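To start, the structure itself, in structure tokens.
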Amino acid sequence: MGVDWLRSELALVLATALVPLALCLWELPRRLRSLRLVADPRHLRRLFPGLAGTGDDALGWLRRRAWLRASLVAGGVAFVGLAWMGPIRGFALVPVEQRRIDVVVALDTSLSMLVEDVEPNRLERAKVEIGALLDAMTGERVALLAFAGGARDVAPLTADLDTVRYFLERLSPEDNRRGGTDLGAALNLALERFNGGGSSEAVVLVTDGEDLTGEALAAAEVARERGVRVHVLGMGTAGGGKVPDGEGGFVVDPDAVAGRGEVVSQLRSESLQAIADATGGIYLEARGRVLPLEELYRRAIATMEGRDIVDGKERVPRDRYQWPLALALLLLLVEGAALDTTRSRARREALSPGTPATGATPPTKELS
């Protein structure tokens with residue numbers, strides 16, 4: 001198993017290791033020339049007791065010692081750079097904790113959602129709004145339900161929002177097994193998709209509000225008791241419009257006189273507002289607003305506390321920065337020890353009885 005790097009783009013930092021070598025290459029010849037001007041190489045130890053050897057041997061020792069110290073410093077800098085780059089060797093499996101919010105979107109797909117009092121019609125506009133909601137989400141799980149006279153699952157709770165979009169675009173009234181609108185069935189099925197963490201769960205109900213069973217408020221009370229808020233997006237207008245029958249005409253009320261009364265579907269804002277109020281949710285209308293579900297997300301869903309859960313394990317690379325860092329410290333300690341050794345030698349020779357008397361204490365200047 002080889003070594004990889006967390007921050008390979010920092011490789012240029014290694015070039016700084018050349019600085020001590022460049023300084024030594026530039027400065028060392030000048031210092032050696034200066035020493036030759038001060039005194040003959042044979043007498044250098046009398047002036048600088050820390051030197052080893054005599055004559056030209058002393059200058060050679062100085063040269064070797066300077067390059068050794070420069071190499072140690074360069075190596076230390078290089079290893080610090082390698083530690084900064086983050087060498088990776090091996091992986092660890094770490095439990096992944098996530099803040100999770102579960103949202104069930106229940107979309108009305110009854111025939112009344114084909115009314116064109118909002119453009120292009122209620123159902124297509126609802127799909128656009130739900131798509132904007134999905135675009136705004138960041139990490140939530142979403143389930144999609146469709147309902148008319150009954151409710152059915154379309155997509156289970158999932159973080160794969162592309163899958164939800166796929167099924168959303170294909171919903172139509174033709175998939176309904178029963179006609180009419182049963183908001184209570186939609187809410188009850190939505191509540192079945194949750195597992196009890198009410199503060200991290202919400203229902204988004206998208207409908208024109210024509211509840212033909214009258215059980216929606218009872219289902220909303222159940223949601224309130226479980227701590228689940230139901231947010232409602234009303235589709236349509238108060239004036240409403242005729243319901244297309246899918247064959248180029250309009251749905252006719254069989255109870256009308258002579259059977260020629262065409263059904264007019266209107267937005268039932270009062271009943272939808274009551275559902276939202278019963279659960280502490282928010283009621284919005286699509287007409288007159290720009291991306292109302294995106295607004296709903298910012299106001300009510302993104303601010304939910306969520307639940308911290310462990311969702312599988314993640315492979316986390318092991319950063320072995322300690323290895324090159326330890327080598328860098330070792331090299332710098334060796335360099336410092338070499339400096340201290342030279343100073344100690346100079347101090348001992350300066351205090352030695354054999355040191356020639358010149359009327360003044362011989363200099364113990366350290367040379368590098």
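By order in the structure tokens, chains are A, B, ...; within a chain, residues start at 1; ligands start at 1, following the order shown.
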
### Task
Taking the DSSP assignment computed from this structure's backbone, write out as a PyMOL selection string all residues of region 29-194 of chain A that belong to alpha helix (DSSP H).
chain A and resi 29-38+44-47+56-85+122-136+161-169+183-192

### Task
Do a neighbour search on Leu161 (chain A) at 12 Å with only C-alpha atoms, toss out local chain neighbours closer than 4 positions, and write the hits as a VMD selection string.
chain A and resid 103 130 to 144 155 to 157 165 to 168

### Message
Would you compute the distance between CA of Ser112 (chain A) and CA of Val264 (chain A)? Give it in Å to one decimal.
### Response
8.6 Å

### Query
Of the residues A:Gly280, A:Gly234, A:Gly150, A:Pro29, which is the one nearest to Leu187 (chain A), using only C-alpha atoms?
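That would be A:Gly150, the residue with the smallest distance to Leu187 (chain A).
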
### Message
When DSSP is applied to the backbone of this structure, which of region 161-360 of chain A are assigned strand (DSSP E or B)? Write them out as a ChimeraX atom specification.
### Response
/A:201-207,229-234,241-242,244,250,252-253,261-262,264-265,283-285,307-319

Output N, CA and C atoms for every residue in the selection just made, as a tab-separated table (two decimals), in the first residue's frame.
```
chain	number	residue	atom	x	y	z
A	201	GLU	N	-39.79	16.26	11.55
A	201	GLU	CA	-40.63	15.76	10.48
A	201	GLU	C	-41.66	16.81	10.09
A	202	ALA	N	-41.96	16.86	8.79
A	202	ALA	CA	-42.94	17.84	8.30
A	202	ALA	C	-43.63	17.29	7.07
A	203	VAL	N	-44.87	17.73	6.87
A	203	VAL	CA	-45.64	17.37	5.68
A	203	VAL	C	-45.87	18.64	4.87
A	204	VAL	N	-45.67	18.55	3.56
A	204	VAL	CA	-46.00	19.65	2.66
A	204	VAL	C	-47.15	19.17	1.78
A	205	LEU	N	-48.32	19.77	1.96
A	205	LEU	CA	-49.54	19.37	1.25
A	205	LEU	C	-49.78	20.37	0.13
A	206	VAL	N	-49.83	19.88	-1.10
A	206	VAL	CA	-50.03	20.74	-2.27
A	206	VAL	C	-51.35	20.35	-2.92
A	207	THR	N	-52.35	21.23	-2.83
A	207	THR	CA	-53.70	20.87	-3.26
A	207	THR	C	-54.53	22.12	-3.49
A	229	ARG	N	-45.69	19.10	11.85
A	229	ARG	CA	-46.35	20.26	11.27
A	229	ARG	C	-46.71	20.00	9.81
A	230	VAL	N	-47.91	20.45	9.45
A	230	VAL	CA	-48.38	20.31	8.08
A	230	VAL	C	-48.40	21.70	7.44
A	231	HIS	N	-47.59	21.88	6.42
A	231	HIS	CA	-47.54	23.13	5.67
A	231	HIS	C	-48.32	22.92	4.38
A	232	VAL	N	-49.07	23.92	3.98
A	232	VAL	CA	-50.00	23.76	2.87
A	232	VAL	C	-49.73	24.82	1.80
A	233	LEU	N	-49.69	24.37	0.54
A	233	LEU	CA	-49.62	25.28	-0.60
A	233	LEU	C	-50.94	25.15	-1.36
A	234	GLY	N	-51.69	26.23	-1.37
A	234	GLY	CA	-52.97	26.23	-2.07
A	234	GLY	C	-52.80	26.54	-3.54
A	241	GLY	N	-62.19	27.64	-11.90
A	241	GLY	CA	-62.32	27.41	-13.33
A	241	GLY	C	-62.95	26.06	-13.59
A	242	LYS	N	-63.30	25.82	-14.84
A	242	LYS	CA	-63.93	24.56	-15.22
A	242	LYS	C	-62.90	23.43	-15.22
A	244	PRO	N	-61.30	20.24	-16.77
A	244	PRO	CA	-61.22	19.49	-18.03
A	244	PRO	C	-61.50	18.01	-17.80
A	250	PHE	N	-65.41	19.50	-20.62
A	250	PHE	CA	-65.32	19.77	-19.19
A	250	PHE	C	-66.20	18.79	-18.43
A	252	VAL	N	-68.98	17.45	-16.18
A	252	VAL	CA	-70.36	17.91	-15.99
A	252	VAL	C	-70.91	17.34	-14.69
A	253	ASP	N	-71.60	18.18	-13.93
A	253	ASP	CA	-72.24	17.76	-12.69
A	253	ASP	C	-73.51	16.99	-13.04
A	261	GLY	N	-74.79	21.11	-16.34
A	261	GLY	CA	-74.02	22.02	-15.51
A	261	GLY	C	-72.56	21.60	-15.43
A	262	GLU	N	-71.64	22.43	-15.88
A	262	GLU	CA	-70.21	22.12	-15.86
A	262	GLU	C	-69.64	22.44	-14.48
A	264	VAL	N	-67.28	23.66	-11.63
A	264	VAL	CA	-66.30	24.73	-11.43
A	264	VAL	C	-65.56	24.44	-10.12
A	265	SER	N	-64.26	24.33	-10.21
A	265	SER	CA	-63.42	24.04	-9.04
A	265	SER	C	-62.81	25.33	-8.53
A	283	TYR	N	-49.53	28.31	5.80
A	283	TYR	CA	-50.36	28.21	4.60
A	283	TYR	C	-49.93	29.31	3.62
A	284	LEU	N	-49.65	28.89	2.38
A	284	LEU	CA	-49.28	29.82	1.33
A	284	LEU	C	-50.12	29.51	0.09
A	285	GLU	N	-50.26	30.51	-0.77
A	285	GLU	CA	-50.95	30.30	-2.05
A	285	GLU	C	-49.97	30.51	-3.19
A	307	ARG	N	-32.60	15.72	13.66
A	307	ARG	CA	-32.13	14.68	14.56
A	307	ARG	C	-30.72	14.28	14.17
A	308	ASP	N	-29.87	14.03	15.18
A	308	ASP	CA	-28.53	13.54	14.91
A	308	ASP	C	-28.58	12.02	14.89
A	309	ILE	N	-28.29	11.45	13.75
A	309	ILE	CA	-28.35	10.00	13.61
A	309	ILE	C	-27.04	9.50	13.02
A	310	VAL	N	-26.76	8.23	13.26
A	310	VAL	CA	-25.60	7.57	12.66
A	310	VAL	C	-26.07	6.88	11.39
A	311	ASP	N	-25.53	7.33	10.27
A	311	ASP	CA	-25.97	6.82	8.98
A	311	ASP	C	-24.79	6.15	8.27
A	312	GLY	N	-24.52	4.93	8.66
A	312	GLY	CA	-23.44	4.17	8.03
A	312	GLY	C	-22.07	4.63	8.50
A	313	LYS	N	-21.05	4.21	7.77
A	313	LYS	CA	-19.67	4.56	8.10
A	313	LYS	C	-18.99	5.14	6.87
A	314	GLU	N	-18.03	5.98	7.14
A	314	GLU	CA	-17.30	6.66	6.07
A	314	GLU	C	-15.82	6.31	6.17
A	315	ARG	N	-15.21	6.09	5.00
A	315	ARG	CA	-13.77	5.84	4.98
A	315	ARG	C	-13.02	7.16	5.10
A	316	VAL	N	-12.29	7.31	6.19
A	316	VAL	CA	-11.54	8.54	6.44
A	316	VAL	C	-10.05	8.23	6.31
A	317	PRO	N	-9.33	8.92	5.43
A	317	PRO	CA	-7.90	8.65	5.28
A	317	PRO	C	-7.13	8.99	6.55
A	318	ARG	N	-6.13	8.18	6.85
A	318	ARG	CA	-5.28	8.42	8.02
A	318	ARG	C	-4.14	9.36	7.62
A	319	ASP	N	-4.12	10.52	8.20
A	319	ASP	CA	-3.08	11.51	7.94
A	319	ASP	C	-1.86	11.16	8.78
```

### Task
Considering only C-alpha atoms, return as a list in words whatever protein or nucleic-acid residues lie within 12 Å of Leu25 (chain A), sequence-local ones (same chain, fewer than 4 positions apart) excluded.
Leu18, Val19, Pro20, Leu21, Pro29, Arg30, Arg31, Leu32, Arg63, Arg64, Ala66, Trp67, Ala70 and Ser71 of chain A

Neighbouring residues of Ala216 (chain A) were defined as those with any atom within 10 Å, considering only C-alpha atoms; residues of the same chain fewer than 3 positions away were excluded. Please report them as a PDB file with C-alpha atoms, in the first residue's frame.
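See around.pdb below for the written result:
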```pdb
ATOM      1  CA  ASP A 182     -59.400  12.812   0.124  1.00  0.00           C
ATOM      2  CA  LEU A 183     -57.050  15.076   2.086  1.00  0.00           C
ATOM      3  CA  GLY A 184     -57.473  12.936   5.194  1.00  0.00           C
ATOM      4  CA  ALA A 185     -56.134   9.847   3.415  1.00  0.00           C
ATOM      5  CA  ALA A 186     -53.130  11.834   2.169  1.00  0.00           C
ATOM      6  CA  LEU A 187     -52.275  13.114   5.657  1.00  0.00           C
ATOM      7  CA  ASN A 188     -52.715   9.709   7.295  1.00  0.00           C
ATOM      8  CA  GLY A 209     -58.371  22.051  -1.060  1.00  0.00           C
ATOM      9  CA  ASP A 211     -61.856  17.838   0.466  1.00  0.00           C
ATOM     10  CA  LEU A 212     -64.809  15.609  -0.374  1.00  0.00           C
ATOM     11  CA  THR A 213     -64.582  13.417   2.752  1.00  0.00           C
ATOM     12  CA  ALA A 219     -55.908  13.803  10.461  1.00  0.00           C
ATOM     13  CA  ALA A 220     -54.373  17.215  11.182  1.00  0.00           C
ATOM     14  CA  GLU A 221     -55.164  16.754  14.885  1.00  0.00           C
ATOM     15  CA  SER A 271     -60.165  24.736   4.954  1.00  0.00           C
ATOM     16  CA  LEU A 272     -56.493  24.618   3.979  1.00  0.00           C
ATOM     17  CA  ALA A 274     -57.449  25.506   9.127  1.00  0.00           C
ATOM     18  CA  ILE A 275     -55.305  22.405   8.477  1.00  0.00           C
TER      19      ILE A 275
END
```
